[in-house]
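The structure file start13.txt is reproduced below (compact mmCIF, C-alpha atoms).
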```txt
# COMPACT_ATOMS: atom_id res chain seq x y z
CA MET A 289 100.85 88.71 137.74
CA THR A 290 102.78 86.54 135.30
CA ALA A 291 103.58 87.02 131.66
CA ALA A 292 101.47 85.06 129.21
CA ALA A 293 102.97 82.87 126.50
CA GLY A 294 100.70 84.25 123.78
CA PRO A 295 100.10 87.86 122.73
CA GLY A 296 99.27 90.08 125.68
CA ARG A 297 97.24 93.26 125.95
CA VAL A 298 99.84 95.58 124.38
CA GLU A 299 100.62 93.29 121.48
CA ARG A 300 96.93 92.75 120.79
CA HIS A 301 96.48 96.53 120.79
CA LEU A 302 99.33 96.98 118.30
CA ARG A 303 97.94 94.26 116.06
CA GLU A 304 94.53 95.88 116.10
CA LEU A 305 96.13 99.18 115.06
CA LEU A 306 98.03 97.39 112.29
CA ARG A 307 94.74 96.21 110.82
CA GLY A 308 94.17 99.87 109.92
CA GLY A 309 97.57 100.30 108.26
CA PRO A 310 101.15 101.17 109.20
CA ILE A 311 101.93 102.59 112.63
CA HIS A 312 104.61 104.77 114.18
CA PHE A 313 106.77 104.40 117.30
CA THR A 314 108.63 107.28 118.93
CA LEU A 315 111.89 106.13 120.52
CA ILE A 316 113.01 108.06 123.60
CA ASP A 317 116.35 107.43 125.32
CA PRO A 318 115.84 107.92 129.09
CA ASP A 319 119.59 108.47 129.48
CA LYS A 320 119.49 111.50 127.16
CA SER A 321 115.90 112.52 127.90
CA PRO A 322 115.17 111.82 131.57
CA ALA A 323 111.68 111.60 133.03
CA ALA A 324 110.34 115.16 132.69
CA ILE A 325 111.73 115.56 129.17
CA ALA A 326 110.54 112.08 128.18
CA GLY A 327 107.01 112.96 129.22
CA ARG A 328 107.03 116.19 127.22
CA VAL A 329 108.43 114.50 124.11
CA ALA A 330 105.88 111.69 124.37
CA HIS A 331 103.01 114.15 124.73
CA ALA A 332 104.09 116.13 121.66
CA ALA A 333 104.73 112.98 119.61
CA VAL A 334 101.36 111.40 120.40
CA ALA A 335 99.65 114.69 119.60
CA GLU A 336 101.17 114.35 116.13
CA GLY A 337 99.79 110.81 115.82
CA SER A 338 102.53 108.48 117.11
CA HIS A 339 101.00 105.19 118.27
CA ALA A 340 103.41 104.02 121.00
CA ILE A 341 106.50 105.09 122.88
CA LEU A 342 109.66 102.98 122.90
CA LEU A 343 112.02 103.62 125.80
CA GLY A 344 115.66 102.64 125.43
CA GLY A 345 119.16 103.38 124.22
CA SER A 346 122.39 101.61 123.36
CA THR A 347 124.18 102.48 126.63
CA GLY A 348 123.76 104.11 130.03
CA MET A 349 120.48 102.52 131.09
CA SER A 350 119.40 101.56 134.61
CA PRO A 351 116.11 100.31 136.08
CA GLU A 352 115.77 103.61 137.93
CA LYS A 353 116.10 105.75 134.80
CA MET A 354 113.80 103.44 132.88
CA GLY A 355 111.19 103.36 135.63
CA ALA A 356 111.12 107.13 136.03
CA ALA A 357 110.81 107.67 132.28
CA ALA A 358 108.06 105.05 131.95
CA LEU A 359 106.05 106.65 134.76
CA ALA A 360 106.41 110.09 133.18
CA VAL A 361 105.38 108.83 129.76
CA LYS A 362 102.35 106.96 131.11
CA ALA A 363 101.27 110.06 133.00
CA ALA A 364 101.56 112.13 129.82
CA VAL A 365 99.98 109.92 127.14
CA PRO A 366 97.44 107.08 126.83
CA VAL A 367 99.56 104.94 124.45
CA PRO A 368 101.78 101.99 125.47
CA ALA A 369 105.22 102.59 126.98
CA ILE A 370 107.39 99.74 125.70
CA ILE A 371 110.95 98.99 126.77
CA PHE A 372 113.49 98.77 123.94
CA PRO A 373 116.15 97.03 126.03
CA GLU A 374 119.92 97.26 125.90
CA GLY A 375 120.04 94.43 128.43
CA PRO A 376 118.55 93.17 131.70
CA GLY A 377 119.39 96.51 133.36
CA SER A 378 116.73 98.16 131.22
CA LEU A 379 113.85 96.29 132.84
CA SER A 380 111.29 98.08 135.00
CA ARG A 381 107.81 97.09 136.13
CA GLU A 382 106.64 100.65 135.41
CA ALA A 383 106.54 100.02 131.64
CA ASP A 384 103.69 98.25 129.87
CA ALA A 385 105.74 95.77 127.86
CA VAL A 386 109.23 94.90 126.67
CA LEU A 387 110.51 94.00 123.23
CA PHE A 388 111.90 90.56 124.02
CA MET A 389 114.33 90.68 121.15
CA SER A 390 117.15 88.56 119.84
CA LEU A 391 119.96 90.43 118.07
CA LEU A 392 119.99 87.97 115.20
CA ASN A 393 123.30 88.86 113.57
CA SER A 394 125.40 89.52 116.67
CA ARG A 395 128.64 87.64 117.24
CA ARG A 396 127.83 87.73 120.97
CA LEU A 397 125.83 84.69 121.97
CA ASP A 398 124.55 86.52 125.05
CA LEU A 399 122.75 89.03 122.79
CA VAL A 400 121.30 86.24 120.67
CA VAL A 401 119.91 84.15 123.54
CA ARG A 402 121.94 83.85 126.76
CA ALA A 403 120.94 87.23 128.23
CA HIS A 404 117.36 86.28 127.47
CA ALA A 405 117.64 83.16 129.63
CA MET A 406 118.68 85.37 132.55
CA ALA A 407 116.12 88.09 131.80
CA ALA A 408 113.09 85.86 131.25
CA PRO A 409 112.47 85.10 134.95
CA VAL A 410 112.86 88.81 135.73
CA VAL A 411 110.36 89.76 133.02
CA ARG A 412 107.96 87.23 134.46
CA SER A 413 108.40 88.41 138.05
CA LEU A 414 107.92 92.06 137.07
CA GLY A 415 104.71 91.25 135.21
CA LEU A 416 106.08 92.79 132.01
CA GLU A 417 104.47 91.71 128.77
CA PRO A 418 107.13 90.22 126.46
CA ILE A 419 106.79 90.91 122.73
CA PRO A 420 109.00 88.40 120.82
CA LEU A 421 110.98 90.19 118.12
CA GLY A 422 113.87 89.41 115.80
CA TYR A 423 116.25 92.39 115.63
CA LEU A 424 118.40 92.59 112.51
CA VAL A 425 121.08 95.24 111.99
CA ILE A 426 121.63 96.47 108.45
CA ALA A 427 124.79 98.37 107.49
CA PRO A 428 126.05 100.82 108.64
CA GLY A 429 124.59 99.80 112.02
CA MET A 430 126.07 102.81 113.82
CA ARG A 431 126.41 102.56 117.62
CA VAL A 432 124.11 99.56 118.03
CA GLY A 433 126.25 97.66 115.53
CA GLU A 434 129.39 98.44 117.52
CA VAL A 435 127.93 97.68 120.94
CA GLY A 436 126.17 94.59 119.65
CA GLN A 437 129.25 93.32 117.78
CA VAL A 438 127.15 92.51 114.75
CA ASP A 439 128.03 91.23 111.33
CA ALA A 440 125.83 93.86 109.71
CA VAL A 441 123.85 92.75 106.68
CA PRO A 442 125.37 94.54 103.66
CA ARG A 443 123.04 97.07 102.06
CA ASP A 444 123.34 95.22 98.74
CA ASP A 445 122.43 91.77 100.11
CA PRO A 446 118.62 91.49 100.31
CA ALA A 447 118.80 87.69 100.30
CA ALA A 448 120.75 87.64 103.58
CA ALA A 449 118.22 89.92 105.25
CA ALA A 450 115.34 87.79 103.98
CA GLY A 451 116.98 84.65 105.34
CA TYR A 452 117.43 86.11 108.81
CA ALA A 453 113.87 87.46 108.87
CA LEU A 454 112.34 84.16 107.76
CA ALA A 455 114.41 82.30 110.35
CA ALA A 456 113.06 84.69 113.01
CA GLU A 457 109.50 83.89 111.97
CA TYR A 458 110.18 80.16 111.90
CA LEU A 459 111.64 80.42 115.42
CA GLY A 460 108.34 81.87 116.59
CA MET A 461 109.16 85.57 116.81
CA ARG A 462 106.10 87.69 116.13
CA PHE A 463 107.79 90.83 114.77
CA VAL A 464 111.00 91.51 112.86
CA TYR A 465 112.86 94.81 113.16
CA LEU A 466 115.21 96.06 110.43
CA GLU A 467 117.65 98.54 112.00
CA ALA A 468 120.02 100.78 110.05
CA GLY A 469 121.26 102.30 113.32
CA SER A 470 120.38 105.42 115.25
CA GLY A 471 121.62 108.44 113.30
CA ALA A 472 122.35 106.41 110.16
CA PRO A 473 122.93 108.56 107.06
CA ALA A 474 120.16 106.71 105.18
CA PRO A 475 117.32 104.33 106.06
CA VAL A 476 117.21 100.60 105.35
CA PRO A 477 117.34 100.09 101.54
CA VAL A 478 114.06 99.46 99.78
CA ALA A 479 115.41 96.29 98.19
CA ILE A 480 116.11 94.78 101.62
CA LEU A 481 112.70 95.72 102.96
CA GLU A 482 110.94 94.33 99.89
CA ALA A 483 112.92 91.09 100.09
CA VAL A 484 111.97 90.62 103.74
CA LYS A 485 108.31 91.44 103.07
CA SER A 486 108.25 88.86 100.28
CA VAL A 487 109.04 85.98 102.65
CA VAL A 488 107.54 86.79 106.06
CA SER A 489 103.97 87.08 107.28
CA ILE A 490 104.82 88.83 110.56
CA PRO A 491 104.88 92.66 110.85
CA VAL A 492 108.11 94.35 109.75
CA VAL A 493 109.36 97.30 111.81
CA VAL A 494 111.94 99.66 110.27
CA GLY A 495 114.16 102.14 112.09
CA GLY A 496 117.31 104.19 111.67
CA GLY A 497 118.02 107.08 109.32
CA ILE A 498 114.39 108.12 108.81
CA ARG A 499 114.55 111.91 108.76
CA THR A 500 111.98 113.18 106.28
CA GLY A 501 108.52 112.56 104.96
CA ASP A 502 110.09 111.35 101.73
CA ASP A 503 112.06 108.70 103.67
CA ALA A 504 108.87 107.59 105.41
CA ARG A 505 106.84 107.50 102.18
CA THR A 506 109.47 105.36 100.44
CA LEU A 507 109.57 102.79 103.25
CA LEU A 508 105.80 102.68 103.65
CA ARG A 509 105.31 102.10 99.93
CA ALA A 510 107.85 99.28 100.13
CA GLY A 511 105.72 97.60 102.80
CA ALA A 512 106.96 98.72 106.24
CA ASN A 513 104.33 97.93 108.86
CA ALA A 514 105.84 100.24 111.47
CA LEU A 515 108.37 103.07 111.46
CA VAL A 516 110.58 104.04 114.40
CA THR A 517 112.12 107.48 114.79
CA GLY A 518 114.25 108.68 117.66
CA THR A 519 117.25 110.78 116.64
CA ILE A 520 115.08 113.35 114.88
CA THR A 521 113.24 114.26 118.09
CA GLU A 522 116.51 114.35 120.06
CA GLU A 523 118.06 116.74 117.55
CA GLU A 524 115.10 118.81 116.37
CA GLY A 525 112.25 118.11 118.76
CA VAL A 526 108.74 117.39 117.51
CA GLY A 527 108.98 119.83 114.64
CA PRO A 528 108.32 120.04 110.89
CA ALA A 529 110.39 116.99 109.94
CA PHE A 530 108.65 114.80 112.53
CA HIS A 531 105.29 116.18 111.38
CA GLY A 532 106.15 115.24 107.79
CA ILE A 533 106.94 111.66 108.79
CA LEU A 534 103.70 111.31 110.75
CA GLU A 535 101.75 112.83 107.87
CA GLU A 536 102.98 110.04 105.61
CA VAL A 537 101.94 107.44 108.18
CA ARG A 538 98.48 109.03 108.34
CA LYS A 539 98.18 108.95 104.55
CA ALA A 540 99.23 105.30 104.46
CA ARG A 541 96.48 104.56 106.98
CA GLY A 542 93.97 106.29 104.75
CA GLY A 543 93.72 109.41 106.91
```
Would you kindly transcribe this structure into structure tokens?
Amino acid sequence: MTAAAGPGRVERHLRELLRGGPIHFTLIDPDKSPAAIAGRVAHAAVAEGSHAILLGGSTGMSPEKMGAAALAVKAAVPVPAIIFPEGPGSLSREADAVLFMSLLNSRRLDLVVRAHAMAAPVVRSLGLEPIPLGYLVIAPGMRVGEVGQVDAVPRDDPAAAAGYALAAEYLGMRFVYLEAGSGAPAPVPVAILEAVKSVVSIPVVVGGGIRTGDDARTLLRAGANALVTGTITEEEGVGPAFHGILEEVRKARGG
């Protein structure tokens, strides 16, 4: 099996879901939540209405951890298990797809493109479906900003974010991800999201700092096509706060 150049099965599935409105991804870190826990979290999250599981973290990943978590998730839920990579060491054939993402505002050229040149043949040989995505870190950036050595887009500079996002689309990326950072004290500002939405036609994913239904509602009203939450399930499990976020996604989808 080889990876196709155009949208594959998982991406087509996500795009079909997006035709019905915004969607939700649950991010699980296999380093903090190994296989058995990952499966339980995925099952509870999908029961609440989450549409896909992202597997990844900023550090500590290995193909073995990723593979075990992906197998557990796929045994627990019928939704895609998608790798959210920290690098080539995150790759495993057990997942359904990988976000093939460029860290747009990193000072490290390897995270912009060089690591991708090394990873691409591996992705192909593993039969993983690549989903091209531009990954943009917004201040404060948290751990991903540190590890990725980014020049974080200031929270009061919507024009800079819009420029990066439009460049990602022009370069052929099919999604753009606005990241405030795992555990950020607040989500991506509305002004930044609105500026990005005003210039791109590709789906906009937003993550970092989303802790409440109010946070979710604000971002969805500003045009987010997908929300990502991870820290909340690590800290609180799939509880009332997570339920509130998923309820807002359901409402935005007309449910």
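Nearest residue to A:Ile498 among A:Gly429, A:Pro373, A:Pro473, A:Gly511 is A:Pro473, counting all atoms listed in the file.
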- Message: List as number ranges by chain the residues having at least one atom at most 8 Å from position (120.3, 95.2, 121.5) as given in the file, counting all atoms listed in the file.
- Response: A: 346, 373-375, 389-391, 399, 423, 432, 436
Export C-alpha atoms of the chosen residues as a PDB file, in the frame of the given file?
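Below is the file that was written, again36.pdb:
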```pdb
ATOM      1  CA  SER A 346     122.390 101.610 123.360  1.00  0.00           C
ATOM      2  CA  PRO A 373     116.150  97.030 126.030  1.00  0.00           C
ATOM      3  CA  GLU A 374     119.920  97.260 125.900  1.00  0.00           C
ATOM      4  CA  GLY A 375     120.040  94.430 128.430  1.00  0.00           C
ATOM      5  CA  MET A 389     114.330  90.680 121.150  1.00  0.00           C
ATOM      6  CA  SER A 390     117.150  88.560 119.840  1.00  0.00           C
ATOM      7  CA  LEU A 391     119.960  90.430 118.070  1.00  0.00           C
ATOM      8  CA  LEU A 399     122.750  89.030 122.790  1.00  0.00           C
ATOM      9  CA  TYR A 423     116.250  92.390 115.630  1.00  0.00           C
ATOM     10  CA  VAL A 432     124.110  99.560 118.030  1.00  0.00           C
ATOM     11  CA  GLY A 436     126.170  94.590 119.650  1.00  0.00           C
TER      12      GLY A 436
END
```
- Task: Could you give me, as number ranges by chain, the residues that sit within 10 Å of (108.8, 112.9, 106.2) in the file's coordinates, counting only C-alpha atoms?
- Result: A: 498-506, 528-537
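Around A:Ala512, within 7 Å and counting only C-alpha atoms, the residues found are Pro310, Val492, Val493, Val494, Leu507, Leu508, Ala510, Ala514 and Leu515 of chain A, once anything fewer than 2 positions away on its own chain is removed.
Put simply, atom CA of A:Leu416 is 23.5 Å away from atom CA of A:Lys320.
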Give the padded box for stretch 423-430 of chain A as JSON: axis-aligned, covering all atoms listed in the file, 5 Å on each side, centre and edge lengths in Å to one decimal.
```
{"center_x": 121.2, "center_y": 97.6, "center_z": 111.6, "size_x": 19.8, "size_y": 20.4, "size_z": 18.1}
```
Exercise: A:Leu315 partners within 8 Å, only C-alpha atoms, chain neighbours under 2 positions left out, as a PDB file with C-alpha atoms, in the coordinates of the input:
```
ATOM      1  CA  PHE A 313     106.770 104.400 117.300  1.00  0.00           C
ATOM      2  CA  ASP A 317     116.350 107.430 125.320  1.00  0.00           C
ATOM      3  CA  ILE A 341     106.500 105.090 122.880  1.00  0.00           C
ATOM      4  CA  LEU A 342     109.660 102.980 122.900  1.00  0.00           C
ATOM      5  CA  LEU A 343     112.020 103.620 125.800  1.00  0.00           C
ATOM      6  CA  GLY A 344     115.660 102.640 125.430  1.00  0.00           C
ATOM      7  CA  VAL A 516     110.580 104.040 114.400  1.00  0.00           C
ATOM      8  CA  THR A 517     112.120 107.480 114.790  1.00  0.00           C
ATOM      9  CA  GLY A 518     114.250 108.680 117.660  1.00  0.00           C
TER      10      GLY A 518
END
```
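Closest approach to A:Ala427 among A:Gly497, A:Gly355, A:Gly460, A:Gly469 is made by A:Gly469 (distances from only C-alpha atoms).
Minimum distance to A:Pro418 across A:Val298, A:Val401, A:Ala335, A:Ala360 (counting all atoms listed in the file) occurs at A:Val298.
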- What is the atom CA of A:Ser470-atom CA of A:Arg412 distance in Å, reported with one decimal? 29.2 Å
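Residues within 12 Å of A:Tyr452, counting only C-alpha atoms and excluding same-chain residues fewer than 5 positions away, are Ser390, Leu391, Leu392, Asn393, Ser394, Gly422, Tyr423, Leu424, Val425, Ile426, Ala440, Val441, Asp445, Pro446, Ala447, Glu457, Tyr458, Leu459, Met461, Val464, Tyr465, Leu466, Ile480, Ala483, Val484, Val487 and Val488 of chain A.
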Next, dump the selected residues to file, keeping only C-alpha atoms, as a PDB file, keeping the file's coordinate frame.
```pdb
ATOM      1  CA  SER A 390     117.150  88.560 119.840  1.00  0.00           C
ATOM      2  CA  LEU A 391     119.960  90.430 118.070  1.00  0.00           C
ATOM      3  CA  LEU A 392     119.990  87.970 115.200  1.00  0.00           C
ATOM      4  CA  ASN A 393     123.300  88.860 113.570  1.00  0.00           C
ATOM      5  CA  SER A 394     125.400  89.520 116.670  1.00  0.00           C
ATOM      6  CA  GLY A 422     113.870  89.410 115.800  1.00  0.00           C
ATOM      7  CA  TYR A 423     116.250  92.390 115.630  1.00  0.00           C
ATOM      8  CA  LEU A 424     118.400  92.590 112.510  1.00  0.00           C
ATOM      9  CA  VAL A 425     121.080  95.240 111.990  1.00  0.00           C
ATOM     10  CA  ILE A 426     121.630  96.470 108.450  1.00  0.00           C
ATOM     11  CA  ALA A 440     125.830  93.860 109.710  1.00  0.00           C
ATOM     12  CA  VAL A 441     123.850  92.750 106.680  1.00  0.00           C
ATOM     13  CA  ASP A 445     122.430  91.770 100.110  1.00  0.00           C
ATOM     14  CA  PRO A 446     118.620  91.490 100.310  1.00  0.00           C
ATOM     15  CA  ALA A 447     118.800  87.690 100.300  1.00  0.00           C
ATOM     16  CA  GLU A 457     109.500  83.890 111.970  1.00  0.00           C
ATOM     17  CA  TYR A 458     110.180  80.160 111.900  1.00  0.00           C
ATOM     18  CA  LEU A 459     111.640  80.420 115.420  1.00  0.00           C
ATOM     19  CA  MET A 461     109.160  85.570 116.810  1.00  0.00           C
ATOM     20  CA  VAL A 464     111.000  91.510 112.860  1.00  0.00           C
ATOM     21  CA  TYR A 465     112.860  94.810 113.160  1.00  0.00           C
ATOM     22  CA  LEU A 466     115.210  96.060 110.430  1.00  0.00           C
ATOM     23  CA  ILE A 480     116.110  94.780 101.620  1.00  0.00           C
ATOM     24  CA  ALA A 483     112.920  91.090 100.090  1.00  0.00           C
ATOM     25  CA  VAL A 484     111.970  90.620 103.740  1.00  0.00           C
ATOM     26  CA  VAL A 487     109.040  85.980 102.650  1.00  0.00           C
ATOM     27  CA  VAL A 488     107.540  86.790 106.060  1.00  0.00           C
TER      28      VAL A 488
END
```
- Task: Within 8 Å of stretch 524-526 of chain A, counting all atoms listed in the file, which residues show up once you throw out same-chain ones fewer than 5 positions away? Write them as a list in words, please.
- Result: Val329, Ala332, Ala333 and His531 of chain A
- Item | Selection near A:Pro366, 10 Å with only C-alpha atoms, sequence-local residues under 5 positions removed, as a ChimeraX atom specification | /A:330-331,334,339-340,361
- Query: Which one of A:Gly415, A:Met406, A:Glu336, A:Asp398 sits closest to A:Glu382 if you count only C-alpha atoms?
  - Reply: A:Gly415
- Item | Atomic separation - atom CA of A:Pro428 relative to atom CA of A:Thr314, Å | 21.2 Å
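Compared by their closest atoms to A:Arg297, and using all atoms listed in the file, the residues A:Ala468, A:Lys362, A:His312, A:Glu417 rank with A:Glu417 nearest.
In this comparison, which uses all atoms listed in the file, the residue of A:Ile370, A:Leu379, A:Gly527, A:Gly496 approaching A:Ala408 most closely is A:Leu379.
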